[in-house]
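J.: Quick one: this structure, given as structure tokens, is what I'll be asking you about.
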Amino acid sequence: MGLTLPTATSYIGRFAPSPTGPLHLGSLYTALASYLDARQHKGLWLLRIDDLDTPRNMPGASDAILNCLQSFGLYWDSEVDYQSHHLEQYEQAIVELQSRQALYPCTCSRSLLANSPLIYPGYCRKNPQSTDAPHALRVKTAEFCPRFVDDLQGEISQNLAGQHGDFIVKRKDGIIAYQLACVVDDQRQKVNRVVRGYDLLDSTPKQLYLQHLLGYPTPQYMHIPLIVDQEGHKLSKQTRAEAVNPNQAGPTLFLLLTLLKQNPPPDLRLAAIDSILEWAIEHWQAERLTSTQAVSALQHS
């Protein structure tokens with residue numbers, strides 16, 4: 001089923017989880033925020049499974065994510081999109097970047113870079129490498145200073161070369177890197193509104209640069225705060241965040257709305273899922289999260 005776009009300027013948002021495990025509170029928090037923003041704007045909310053990083057994918061995780069979203073009443077528009085179905089488009093983008101002489105092969109090993117600065121020092125850019133050896137592809141960053149206004153975090157400006165350096169767009173194992181895949185996917189799906197976690201704010205200048213090189217339009221961005229644990233760490237699979245319980249959908253949605261600073265009325269906690277979401281869509285005020293980078297679930301548990 002193809003995408004139906006009412007007008008060229010209609011709101012098109014998305015949620016793009018990786019199938020590396022079940023949804024936890026932090027990932028559902030992001031899903032809910034992007035869903036509410038799309039629904040209040042009467043836009044489309046697409047679901048994309050970012051499954052390119054095959055070594056990290058967990059069997060059954062994609063279906064578990066779909067089932068979890070449905071359990072919480074978060075239904076998406078159109079068919080589920082899988083990155084793994086679009087390898088040709090990523091390779092076309094690589095060819096386009098190569099035609100612009102924007103890429104170069106990098107044979108550096110992790111051990112070589114282990115003692116290097118956080119920003120890639122440009123070994124292979126200064127000393128061109130043969131493509132016969134296993135290699136990654138890096139994009140040449142210039143003194144490009146992207147500026148954008150995030151809906152919550154305000155004006156962001158960074159020097160791409162000075163703060164990020166030449167970054168990888170295709171890994172040595174042949175897997176397309178997140179930055180390029182995300183840009184190609186958003187363009188392919190005509191996404192014009194990206195609601196995602198604050199931890200991805202640093203990715204945005206890289207993606208703006210790739211959009212610039214490929215001639216793509218830039219979506220509007222909203223980076224919502226992260227849910228952190230008692231030590232200030234982001235809730236994630238790496239920190240062994242527990243999967244959300246679909247049998248507690250109502251109370252969990254109420255908690256998430258509280259963490260999103262939406263101030264739901266107390267009697268909503270035990271309401272039906274549809275009633276909770278109907279209230280949340282009608283009363284959604286993303287601006288309550290302005291300039292907020294993190295919230296603690298412990299304060300509301």
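For the structure tokens, the naming scheme is as follows: chains receive sequential letters (A, B, ...) according to their order of presentation, residues are indexed from 1 within each chain, and ligands are indexed from 1 in presentation order.
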Which of range 177-278 of chain A counts as alpha helix (DSSP H) under DSSP, as a PyMOL selection string please?
T.: chain A and resi 178-188+203-214+249-259+273-278
J.: For the residues selected in the previous step, produce a file with C-alpha atoms as a CSV table (one decimal), in the first residue's frame.
T.:
```csv
chain,number,residue,atom,x,y,z
A,178,TYR,CA,22.8,5.3,10.7
A,179,GLN,CA,23.4,8.9,9.6
A,180,LEU,CA,23.1,8.2,5.9
A,181,ALA,CA,20.3,5.6,6.2
A,182,CYS,CA,18.2,8.0,8.3
A,183,VAL,CA,18.6,10.8,5.8
A,184,VAL,CA,17.7,8.6,2.8
A,185,ASP,CA,14.7,7.1,4.7
A,186,ASP,CA,13.3,10.5,5.7
A,187,GLN,CA,13.6,11.7,2.2
A,188,ARG,CA,12.1,8.5,0.7
A,203,SER,CA,23.3,13.6,14.9
A,204,THR,CA,21.3,16.3,13.4
A,205,PRO,CA,24.2,18.5,12.1
A,206,LYS,CA,25.6,15.5,10.3
A,207,GLN,CA,22.3,14.7,8.8
A,208,LEU,CA,21.8,18.3,7.7
A,209,TYR,CA,25.1,18.1,5.9
A,210,LEU,CA,24.2,14.9,4.1
A,211,GLN,CA,20.8,16.5,3.1
A,212,HIS,CA,22.8,19.5,1.8
A,213,LEU,CA,25.1,17.3,-0.3
A,214,LEU,CA,22.3,15.2,-1.7
A,249,ALA,CA,-1.0,0.1,29.5
A,250,GLY,CA,-3.3,2.7,31.2
A,251,PRO,CA,-1.1,3.5,34.2
A,252,THR,CA,2.0,3.4,32.0
A,253,LEU,CA,0.5,5.9,29.6
A,254,PHE,CA,-0.5,8.1,32.5
A,255,LEU,CA,3.1,8.0,33.8
A,256,LEU,CA,4.5,8.9,30.4
A,257,LEU,CA,2.2,11.8,30.1
A,258,THR,CA,3.4,13.0,33.5
A,259,LEU,CA,7.0,12.6,32.4
A,273,ILE,CA,-6.6,3.5,26.7
A,274,ASP,CA,-8.6,5.2,24.0
A,275,SER,CA,-9.9,7.8,26.5
A,276,ILE,CA,-6.3,8.5,27.7
A,277,LEU,CA,-5.0,9.0,24.2
A,278,GLU,CA,-8.0,11.1,23.2
```
J.: Could you name the residues that touch range 60-71 of chain A at 10 Å or less, counting only C-alpha atoms, but leaving out those on the same chain fewer than 6 positions away, as a list in words?
T.: Pro17, Ser18, Pro19, Thr20, Gly21, Pro22, Leu23, His24, Leu28, Ala31, Leu32, Leu47, Ile49, Asp50, Asp51, Val80, Tyr82, Ala243, Val244, Asn245, Pro246, Asn247, Gln248, Ala249 and Ile273 of chain A
J.: When distances are computed from only C-alpha atoms, which of A:Gly13, A:Pro219, A:Gly26, A:Pro105 shows the smallest separation from Tyr198 in chain A?
T.: A:Gly26
J.: Restricting the calculation to only C-alpha atoms: of A:Pro128, A:Gly215, A:Pro55, A:Gly174, which residue gets closest to Arg100 in chain A?
T.: A:Gly215
J.: Which residues come within 10 Å of Gln153 in chain A, counting only C-alpha atoms, excluding same-chain residues fewer than 3 positions away, as a PyMOL selection string?
T.: chain A and resi 149-150+156+198+201+221-225+289-293
